[in-house]
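K.L.:
Dropping in upload08.pdb, with PDB, C-alpha atoms.
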```
ATOM      1  CA  MET A   1     126.353 164.895 136.355  1.00  0.00           C
ATOM      2  CA  ALA A   2     125.862 165.978 132.793  1.00  0.00           C
ATOM      3  CA  THR A   3     126.852 169.461 131.801  1.00  0.00           C
ATOM      4  CA  GLU A   4     124.115 171.365 130.072  1.00  0.00           C
ATOM      5  CA  LYS A   5     124.968 173.484 127.085  1.00  0.00           C
ATOM      6  CA  THR A   6     123.123 176.738 126.971  1.00  0.00           C
ATOM      7  CA  LYS A   7     121.947 177.816 123.572  1.00  0.00           C
ATOM      8  CA  THR A   8     123.238 181.135 122.388  1.00  0.00           C
ATOM      9  CA  ARG A   9     121.063 183.317 120.287  1.00  0.00           C
ATOM     10  CA  LEU A  10     122.110 184.173 116.746  1.00  0.00           C
ATOM     11  CA  LEU A  11     122.295 187.859 117.585  1.00  0.00           C
ATOM     12  CA  ASP A  12     124.648 187.118 120.486  1.00  0.00           C
ATOM     13  CA  ARG A  13     126.968 185.213 118.173  1.00  0.00           C
ATOM     14  CA  ILE A  14     127.153 187.805 115.396  1.00  0.00           C
ATOM     15  CA  THR A  15     127.310 190.996 117.483  1.00  0.00           C
ATOM     16  CA  PRO A  16     130.872 192.335 117.694  1.00  0.00           C
ATOM     17  CA  LYS A  17     132.330 192.275 121.202  1.00  0.00           C
ATOM     18  CA  VAL A  18     133.080 195.983 121.111  1.00  0.00           C
ATOM     19  CA  LEU A  19     129.368 196.739 120.703  1.00  0.00           C
ATOM     20  CA  VAL A  20     128.472 194.439 123.581  1.00  0.00           C
ATOM     21  CA  GLU A  21     131.090 196.167 125.755  1.00  0.00           C
ATOM     22  CA  ALA A  22     129.929 199.635 124.667  1.00  0.00           C
ATOM     23  CA  LYS A  23     126.350 198.722 125.500  1.00  0.00           C
ATOM     24  CA  GLN A  24     127.400 197.602 128.971  1.00  0.00           C
ATOM     25  CA  VAL A  25     129.439 200.776 129.527  1.00  0.00           C
ATOM     26  CA  PHE A  26     126.429 202.836 128.399  1.00  0.00           C
ATOM     27  CA  ARG A  27     124.195 201.054 130.911  1.00  0.00           C
ATOM     28  CA  GLU A  28     126.666 201.623 133.750  1.00  0.00           C
ATOM     29  CA  ALA A  29     128.100 205.079 133.051  1.00  0.00           C
ATOM     30  CA  GLY A  30     125.856 206.604 130.410  1.00  0.00           C
ATOM     31  CA  LEU A  31     126.869 208.469 127.301  1.00  0.00           C
ATOM     32  CA  LYS A  32     129.757 210.237 129.018  1.00  0.00           C
ATOM     33  CA  GLY A  33     131.239 206.881 130.009  1.00  0.00           C
ATOM     34  CA  VAL A  34     131.114 205.633 126.433  1.00  0.00           C
ATOM     35  CA  ILE A  35     132.765 208.819 125.185  1.00  0.00           C
ATOM     36  CA  ARG A  36     135.477 208.531 127.859  1.00  0.00           C
ATOM     37  CA  ARG A  37     136.162 204.887 127.021  1.00  0.00           C
ATOM     38  CA  TYR A  38     135.928 204.866 123.203  1.00  0.00           C
ATOM     39  CA  GLY A  39     136.188 208.511 122.170  1.00  0.00           C
ATOM     40  CA  TRP A  40     134.453 210.401 119.407  1.00  0.00           C
ATOM     41  CA  LYS A  41     135.731 208.053 116.683  1.00  0.00           C
ATOM     42  CA  PHE A  42     133.378 205.338 117.934  1.00  0.00           C
ATOM     43  CA  PHE A  43     130.417 207.620 117.326  1.00  0.00           C
ATOM     44  CA  ALA A  44     131.774 208.695 113.941  1.00  0.00           C
ATOM     45  CA  VAL A  45     132.037 205.070 112.799  1.00  0.00           C
ATOM     46  CA  PHE A  46     128.606 204.270 114.257  1.00  0.00           C
ATOM     47  CA  PHE A  47     127.058 207.268 112.460  1.00  0.00           C
ATOM     48  CA  MET A  48     128.738 206.493 109.135  1.00  0.00           C
ATOM     49  CA  TYR A  49     127.625 202.859 109.267  1.00  0.00           C
ATOM     50  CA  TYR A  50     123.992 203.836 109.699  1.00  0.00           C
ATOM     51  CA  LEU A  51     124.235 206.639 107.141  1.00  0.00           C
ATOM     52  CA  ILE A  52     125.602 204.286 104.486  1.00  0.00           C
ATOM     53  CA  ARG A  53     123.132 201.547 105.388  1.00  0.00           C
ATOM     54  CA  ASP A  54     120.098 203.813 105.298  1.00  0.00           C
ATOM     55  CA  VAL A  55     121.085 205.521 102.054  1.00  0.00           C
ATOM     56  CA  SER A  56     121.567 202.118 100.463  1.00  0.00           C
ATOM     57  CA  LEU A  57     118.265 200.709 101.701  1.00  0.00           C
ATOM     58  CA  TYR A  58     115.993 203.695 101.351  1.00  0.00           C
ATOM     59  CA  ILE A  59     117.424 205.619  98.392  1.00  0.00           C
ATOM     60  CA  LEU A  60     119.689 203.527  96.156  1.00  0.00           C
ATOM     61  CA  LEU A  61     117.799 200.226  96.254  1.00  0.00           C
ATOM     62  CA  PRO A  62     114.367 201.736  95.430  1.00  0.00           C
ATOM     63  CA  TRP A  63     115.943 203.900  92.735  1.00  0.00           C
ATOM     64  CA  TYR A  64     117.658 200.864  91.200  1.00  0.00           C
ATOM     65  CA  LEU A  65     114.457 198.811  91.281  1.00  0.00           C
ATOM     66  CA  ALA A  66     112.459 201.655  89.742  1.00  0.00           C
ATOM     67  CA  GLN A  67     114.993 201.975  86.928  1.00  0.00           C
ATOM     68  CA  LYS A  68     115.013 198.232  86.313  1.00  0.00           C
ATOM     69  CA  PHE A  69     111.210 197.860  86.077  1.00  0.00           C
ATOM     70  CA  THR A  70     110.512 200.953  83.968  1.00  0.00           C
TER
END
```
Mind turning this structure into structure tokens?
P.N.:
Amino acid sequence: MATEKTKTRLLDRITPKVLVEAKQVFREAGLKGVIRRYGWKFFAVFFMYYLIRDVSLYILLPWYLAQKFT
């Protein structure tokens, strides 16, 4: 009998385990369960990550490109 290797998706390989666990906790216990398990710091880090990412993509990058081409 040959063992079959299952292919893992790229997203599954690069997603941090804490996010996978938090997603599972959210599915089982909802937002209150995630807060109980990880606390408010998890949400603060999550919010800051998206704030920095969005400011970089939607404000700084277009501003830089506009300055470079004018």
K.L.:
Determine the axis-aligned bounding box of all atoms of region 26-41 of chain A present in the file, pad each side by 6 Å, and express its centre and edge lengths in Å to one decimal place as AutoDock Vina command-line options.
P.N.:
```
--center_x 130.2 --center_y 205.7 --center_z 125.2 --size_x 24.0 --size_y 21.3 --size_z 29.1
```
K.L.:
In Å to one decimal, how far is CA of Asp54 (chain A) from CA of Pro16 (chain A)?
P.N.:
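Between CA of Pro16 (chain A) and CA of Asp54 (chain A) the gap works out to 20.0 Å.
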K.L.:
Pick from A:Tyr38, A:Tyr58, A:Tyr64, A:Tyr50: nearest to Leu19 (chain A), with all atoms listed in the file counted?
P.N.:
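That would be A:Tyr38, the residue with the smallest distance to Leu19 (chain A).
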K.L.:
Can you work out the spacing between CA of Gln24 (chain A) and CA of Lys7 (chain A) in Å, to one decimal?
P.N.:
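Separation between CA of Gln24 (chain A) and CA of Lys7 (chain A): 21.2 Å.
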K.L.:
Just to confirm, what's the straight-line distance from CA of Leu31 (chain A) to CA of Arg13 (chain A) in Å (one decimal)?
P.N.:
25.0 Å
K.L.:
Counting only C-alpha atoms, note down every residue that has an atom within 12 Å of the point (132.7, 199.2, 120.7) (file coordinates), as a PyMOL selection string.
P.N.:
chain A and resi 15-26+34-35+37-46
K.L.:
As an mmCIF file, in the coordinates of the input, please: region 32-51 of chain A completed to N, CA and C atoms.
P.N.:
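This is the output file out_11.cif:
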```
data_model
loop_
_atom_site.group_PDB
_atom_site.id
_atom_site.type_symbol
_atom_site.label_atom_id
_atom_site.label_comp_id
_atom_site.auth_asym_id
_atom_site.auth_seq_id
_atom_site.Cartn_x
_atom_site.Cartn_y
_atom_site.Cartn_z
ATOM 1 N N LYS A 32 128.432 209.703 128.677
ATOM 2 C CA LYS A 32 129.757 210.237 129.018
ATOM 3 C C LYS A 32 130.774 209.121 129.235
ATOM 4 N N GLY A 33 130.344 208.022 129.810
ATOM 5 C CA GLY A 33 131.239 206.881 130.009
ATOM 6 C C GLY A 33 131.678 206.264 128.698
ATOM 7 N N VAL A 34 130.768 206.184 127.749
ATOM 8 C CA VAL A 34 131.114 205.633 126.433
ATOM 9 C C VAL A 34 132.091 206.561 125.723
ATOM 10 N N ILE A 35 131.857 207.862 125.816
ATOM 11 C CA ILE A 35 132.765 208.819 125.185
ATOM 12 C C ILE A 35 134.142 208.742 125.830
ATOM 13 N N ARG A 36 134.187 208.647 127.163
ATOM 14 C CA ARG A 36 135.477 208.531 127.859
ATOM 15 C C ARG A 36 136.219 207.269 127.452
ATOM 16 N N ARG A 37 135.502 206.170 127.313
ATOM 17 C CA ARG A 37 136.162 204.887 127.021
ATOM 18 C C ARG A 37 136.561 204.749 125.556
ATOM 19 N N TYR A 38 135.671 205.122 124.617
ATOM 20 C CA TYR A 38 135.928 204.866 123.203
ATOM 21 C C TYR A 38 136.234 206.113 122.384
ATOM 22 N N GLY A 39 135.894 207.274 122.878
ATOM 23 C CA GLY A 39 136.188 208.511 122.170
ATOM 24 C C GLY A 39 135.181 208.824 121.083
ATOM 25 N N TRP A 40 135.392 209.935 120.418
ATOM 26 C CA TRP A 40 134.453 210.401 119.407
ATOM 27 C C TRP A 40 134.505 209.571 118.147
ATOM 28 N N LYS A 41 135.609 208.866 117.894
ATOM 29 C CA LYS A 41 135.731 208.053 116.683
ATOM 30 C C LYS A 41 134.718 206.916 116.671
ATOM 31 N N PHE A 42 134.397 206.393 117.835
ATOM 32 C CA PHE A 42 133.378 205.338 117.934
ATOM 33 C C PHE A 42 132.050 205.841 117.396
ATOM 34 N N PHE A 43 131.674 207.050 117.783
ATOM 35 C CA PHE A 43 130.417 207.620 117.326
ATOM 36 C C PHE A 43 130.467 207.975 115.846
ATOM 37 N N ALA A 44 131.636 208.393 115.364
ATOM 38 C CA ALA A 44 131.774 208.695 113.941
ATOM 39 C C ALA A 44 131.592 207.430 113.103
ATOM 40 N N VAL A 45 132.185 206.333 113.520
ATOM 41 C CA VAL A 45 132.037 205.070 112.799
ATOM 42 C C VAL A 45 130.594 204.586 112.886
ATOM 43 N N PHE A 46 129.995 204.677 114.052
ATOM 44 C CA PHE A 46 128.606 204.270 114.257
ATOM 45 C C PHE A 46 127.679 205.079 113.349
ATOM 46 N N PHE A 47 127.876 206.393 113.296
ATOM 47 C CA PHE A 47 127.058 207.268 112.460
ATOM 48 C C PHE A 47 127.246 206.965 110.983
ATOM 49 N N MET A 48 128.473 206.776 110.542
ATOM 50 C CA MET A 48 128.738 206.493 109.135
ATOM 51 C C MET A 48 128.146 205.155 108.711
ATOM 52 N N TYR A 49 128.214 204.161 109.577
ATOM 53 C CA TYR A 49 127.625 202.859 109.267
ATOM 54 C C TYR A 49 126.132 203.002 108.994
ATOM 55 N N TYR A 50 125.431 203.681 109.882
ATOM 56 C CA TYR A 50 123.992 203.836 109.699
ATOM 57 C C TYR A 50 123.654 204.754 108.536
ATOM 58 N N LEU A 51 124.465 205.756 108.276
ATOM 59 C CA LEU A 51 124.235 206.639 107.141
ATOM 60 C C LEU A 51 124.347 205.866 105.831
#
```
